[in-house]
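Peer 1: Sharing a structure here in structure tokens format.
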Amino acid sequence: MRLCFLVEEHYRQDGMPLDVVRRLTEWGHHVDVLRPGDSLMAISEAVRAGSHDAWVLKTVSGGPGLTLLEAAAAVGLTTVNDVRSIRSVRDKALASVIARTRGLPVPVTYAAARWERLAEIPAAEYPLVVKPADGSSGRAVRLVTSPDHLLDLGPELAGEGLLIAQPYVPNSGTDLKVYCVDGELFATERSSPIHPGQGVRERQVPLPAEVARIAAQVGEVFGLDLYGVDVLLGPDGPVVVDINDFPSFRKVPDAVSRVARAVLRLARSGTAVSAPAPALVPAGGGFGGVDLGGGEFAGRDFGGEFGGDFGGRDFGGRDFGGAI
């Protein structure tokens, strides 16, 4: 198969997805790697060429790769994950509305374009967890203990764009990260970004049945095949606090081969799974059932570490001339 991976600068040295690219190449597949954050691309021609069986995105939230992936989907090309699903989880404000409307256990979520507006949240809701709606990798996540503390943190939050705030869920200081690889679920435990002093070493842990049901429902609700869910075990049960498309899959057994096989299956299917649209259920409703189931790159040489001039490469018979 011919695949195109869009890899942002942030992940140019990361094992996920570059080890997946190597594995796919070892298996005889042709893989091109594009770095949309550091390249000039004739985007209209690259997409129109249609020479790849699927496009795969590994990017920071808000990175330019999502636009290129959406362009590929707009002309009928397969994307992994489904591009509509990616957009719905990249915007954390949107994701929280979808999740609560569909009965997933997600905290009440406030949103404001200016941090000063968060001061209108009732004092009874504190402490709050405040973060950018387009954040990723724990960027700018703050535990705000009181209205006065919000005033102190305000200058740090300014310029972060749309912010969301959720009441803090009391927990042990560790996050349960659930990874889904094409229907298979795996759980790891790690220190929470707002409790870094816990010193918990990331490790694989048993997956509680209730958390498994919630994580599977996340995939159904958002139409995701490769994703991660951050869960807190609060006093009233598991609570979903974040959802990520194409995460790191750290501590997942044989993660590289599992993810590579999933990419191939999704590419062969012609599209990633699209989100279903069953009737809405009230927040706090039941959980839907799910069957949990049980070298060098052979592609283009884009100049050293996947960057620079693409040198008039031929994508499916189209010569884009010079640097794409």
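Order determines the names: the first chain of the structure tokens is A, the second B, and so forth; residues in each chain are numbered 1 upward, and ligands are numbered 1 upward as they are shown.
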Near segment 220-236 of chain A, counting only C-alpha atoms, which residues have an atom at most 8 Å away, once you skip same-chain residues fewer than 4 positions from it, shown as a compact mmCIF listing (two decimals) with N, CA and C atoms, in the first residue's frame?

Peer 2:
```
# COMPACT_ATOMS: atom_id res chain seq x y z
N ASN A 81 -7.02 9.03 11.91
CA ASN A 81 -8.44 8.68 12.08
C ASN A 81 -9.30 9.43 11.06
N ASP A 82 -10.63 9.15 11.08
CA ASP A 82 -11.56 9.93 10.30
C ASP A 82 -11.38 11.40 10.67
N SER A 85 -13.69 13.10 13.06
CA SER A 85 -13.51 12.68 14.45
C SER A 85 -12.36 13.44 15.10
N ILE A 86 -11.30 13.65 14.35
CA ILE A 86 -10.15 14.37 14.89
C ILE A 86 -10.55 15.78 15.28
N SER A 88 -13.39 16.92 16.16
CA SER A 88 -14.31 16.97 17.29
C SER A 88 -13.63 16.77 18.62
N VAL A 89 -12.44 16.14 18.65
CA VAL A 89 -11.74 15.98 19.93
C VAL A 89 -10.61 16.99 20.09
N ALA A 99 -19.55 14.85 24.48
CA ALA A 99 -19.44 13.75 25.44
C ALA A 99 -20.56 13.77 26.47
N ARG A 102 -23.94 12.85 25.06
CA ARG A 102 -24.07 11.43 24.74
C ARG A 102 -23.92 10.52 25.96
N VAL A 169 -11.83 17.14 40.03
CA VAL A 169 -12.32 15.85 40.50
C VAL A 169 -11.32 15.30 41.52
N PRO A 170 -11.70 15.20 42.80
CA PRO A 170 -10.76 14.66 43.80
C PRO A 170 -10.28 13.27 43.37
N ASN A 171 -8.96 13.05 43.47
CA ASN A 171 -8.41 11.77 43.03
C ASN A 171 -7.07 11.54 43.73
N SER A 172 -6.45 10.44 43.42
CA SER A 172 -5.22 10.03 44.10
C SER A 172 -3.98 10.76 43.60
N THR A 174 -3.02 10.43 40.38
CA THR A 174 -2.56 9.69 39.21
C THR A 174 -3.67 9.67 38.17
N ASP A 175 -3.26 9.68 36.91
CA ASP A 175 -4.20 9.56 35.80
C ASP A 175 -4.20 8.12 35.28
N LEU A 176 -5.36 7.66 34.89
CA LEU A 176 -5.46 6.39 34.19
C LEU A 176 -5.61 6.72 32.71
N LYS A 177 -4.62 6.33 31.92
CA LYS A 177 -4.65 6.59 30.49
C LYS A 177 -5.04 5.30 29.79
N VAL A 178 -6.13 5.34 29.05
CA VAL A 178 -6.61 4.17 28.32
C VAL A 178 -6.34 4.39 26.83
N TYR A 179 -5.62 3.47 26.22
CA TYR A 179 -5.32 3.54 24.79
C TYR A 179 -6.19 2.54 24.05
N CYS A 180 -6.70 2.97 22.91
CA CYS A 180 -7.46 2.06 22.04
C CYS A 180 -6.73 1.94 20.71
N VAL A 181 -6.43 0.70 20.32
CA VAL A 181 -5.80 0.42 19.03
C VAL A 181 -6.77 -0.46 18.24
N ASP A 182 -7.60 0.21 17.44
CA ASP A 182 -8.52 -0.52 16.56
C ASP A 182 -9.37 -1.53 17.34
N GLY A 183 -9.93 -1.10 18.46
CA GLY A 183 -10.82 -1.95 19.24
C GLY A 183 -10.20 -2.61 20.45
N VAL A 211 -14.31 1.22 33.40
CA VAL A 211 -13.49 2.14 32.60
C VAL A 211 -13.41 1.64 31.15
N ALA A 215 -14.33 3.83 27.90
CA ALA A 215 -13.36 4.07 26.84
C ALA A 215 -13.88 3.58 25.49
N ALA A 216 -14.55 2.44 25.49
CA ALA A 216 -15.13 1.93 24.25
C ALA A 216 -16.23 2.86 23.75
N VAL A 240 -14.10 11.14 32.65
CA VAL A 240 -13.27 11.42 31.49
C VAL A 240 -12.84 12.88 31.52
N VAL A 241 -11.53 13.14 31.45
CA VAL A 241 -11.05 14.52 31.49
C VAL A 241 -10.30 14.93 30.23
N ASP A 242 -10.01 13.99 29.33
CA ASP A 242 -9.38 14.36 28.07
C ASP A 242 -9.48 13.20 27.09
N ILE A 243 -9.50 13.54 25.79
CA ILE A 243 -9.54 12.56 24.72
C ILE A 243 -8.53 12.99 23.67
N ASN A 244 -7.69 12.06 23.20
CA ASN A 244 -6.66 12.38 22.22
C ASN A 244 -6.74 11.43 21.03
N ASP A 245 -6.65 11.99 19.83
CA ASP A 245 -6.50 11.14 18.65
C ASP A 245 -5.02 10.84 18.45
N PHE A 246 -4.71 9.65 18.02
CA PHE A 246 -3.34 9.18 17.75
C PHE A 246 -2.36 9.60 18.85
N PRO A 247 -2.51 9.06 20.06
CA PRO A 247 -1.60 9.38 21.17
C PRO A 247 -0.29 8.62 21.05
N PHE A 249 0.72 5.89 22.81
CA PHE A 249 0.59 4.44 23.02
C PHE A 249 1.74 3.89 23.86
N VAL A 259 -0.22 -0.73 16.00
CA VAL A 259 -0.68 0.48 15.33
C VAL A 259 -0.50 0.35 13.82
N ALA A 272 -11.83 5.52 7.76
CA ALA A 272 -11.89 5.22 9.18
C ALA A 272 -13.35 5.20 9.59
N VAL A 273 -13.63 4.62 10.76
CA VAL A 273 -15.01 4.48 11.21
C VAL A 273 -15.60 5.85 11.48
N SER A 274 -16.75 6.14 10.91
CA SER A 274 -17.41 7.42 11.14
C SER A 274 -18.31 7.34 12.36
N ALA A 275 -18.47 8.46 13.03
CA ALA A 275 -19.27 8.49 14.25
C ALA A 275 -20.73 8.18 13.94
N PRO A 276 -21.34 7.26 14.68
CA PRO A 276 -22.76 6.98 14.48
C PRO A 276 -23.61 8.10 15.04
```

Peer 1: Near segment 4-6 of chain A, within 8 Å and counting only C-alpha atoms, which residues show up once chain neighbours fewer than 2 positions away are dropped, as a list of chain:residue names?

Peer 2: A:Arg2, A:Glu8, A:Val21, A:Val31, A:Asp32, A:Val33, A:Leu34, A:Arg35, A:Pro36, A:His52, A:Ala54, A:Trp55, A:Val56, A:Leu57, A:Lys58, A:Thr59, A:Gly65

Peer 1: Could you please write out, as a VMD selection string, every residue of segment 19-228 of chain A that DSSP assigns to helix (DSSP H, G or I)?

Peer 2: chain A and resid 19 to 26 36 to 38 43 to 49 65 to 74 83 to 90 92 to 101 115 to 120 123 to 125 147 to 157 196 to 198 209 to 222

Peer 1: Skipping near chain neighbours, those fewer than 2 positions away, what residues fall within 9 Å of Ala93 of chain A using only C-alpha atoms, listed as a ChimeraX atom specification?

Peer 2: /A:89-91,95-98,109-111,133-134,162-164

Peer 1: Could you check how far atom CA of Thr78 of chain A sits from atom CA of Val47 of chain A, in Å to one decimal?

Peer 2: 11.3 Å

Peer 1: Any idea what the distance is between atom CA of Ala212 of chain A and atom CA of Ala165 of chain A?

Peer 2: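 Computing the Euclidean distance for atom CA of Ala212 of chain A and atom CA of Ala165 of chain A yields 25.8 Å.
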
Peer 1: In Å, with one decimal, what is the gap from atom CA of Leu128 of chain A to atom CA of Leu185 of chain A?

Peer 2: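 Answer for the atom CA of Leu128 of chain A to atom CA of Leu185 of chain A separation: 29.5 Å.
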
Peer 1: Smallest atom-to-atom distance to Ser51 of chain A: which of A:Leu94, A:Leu69, A:Leu3, A:Ala158, using only C-alpha atoms?

Peer 2: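 The closest residue to Ser51 of chain A is A:Leu3.
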
Peer 1: DSSP on the backbone: which residues in segment 53-186 of chain A end up as strand (DSSP E or B)? Give the answer as a PyMOL selection string.

Peer 2: chain A and resi 54-58+79-80+110-112+128-132+142-144+163-167+174-181+184-186

Peer 1: Could you save those same residues with C-alpha atoms as a compact mmCIF listing (two decimals), in the first residue's frame?

Peer 2:
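Output file selection.txt is given in full below:
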```txt
# COMPACT_ATOMS: atom_id res chain seq x y z
CA ALA A 54 -4.56 6.71 3.17
CA TRP A 55 -3.28 9.81 4.92
CA VAL A 56 -2.27 9.55 8.58
CA LEU A 57 -1.87 12.52 10.93
CA LYS A 58 0.38 12.89 13.96
CA THR A 79 -7.77 9.54 6.54
CA VAL A 80 -6.69 7.85 9.79
CA TYR A 110 -17.23 26.41 31.33
CA ALA A 111 -15.70 28.23 28.36
CA ALA A 112 -14.45 31.79 27.95
CA LEU A 128 -11.05 24.38 39.02
CA VAL A 129 -8.88 22.84 36.33
CA VAL A 130 -8.30 25.44 33.61
CA LYS A 131 -6.67 24.72 30.23
CA PRO A 132 -6.69 25.93 26.61
CA ARG A 142 -3.61 24.86 35.78
CA LEU A 143 -5.19 23.84 39.08
CA VAL A 144 -6.93 27.00 40.32
CA LEU A 163 -10.16 28.51 27.76
CA ILE A 164 -12.18 25.81 29.43
CA ALA A 165 -12.66 25.32 33.16
CA GLN A 166 -13.98 22.24 34.93
CA PRO A 167 -14.51 21.55 38.64
CA THR A 174 -2.56 9.69 39.21
CA ASP A 175 -4.20 9.56 35.80
CA LEU A 176 -5.46 6.39 34.19
CA LYS A 177 -4.65 6.59 30.49
CA VAL A 178 -6.61 4.17 28.32
CA TYR A 179 -5.32 3.54 24.79
CA CYS A 180 -7.46 2.06 22.04
CA VAL A 181 -5.80 0.42 19.03
CA GLU A 184 -8.18 -3.29 21.68
CA LEU A 185 -7.98 -1.43 24.98
CA PHE A 186 -4.92 -1.02 27.23
```

Peer 1: When distances are computed from only C-alpha atoms, which of A:Pro64, A:Pro127, A:Gly135, A:Gly161 shows the smallest separation from Pro147 of chain A?

Peer 2: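 Using only C-alpha atoms, Pro147 of chain A sits closest to A:Pro127.
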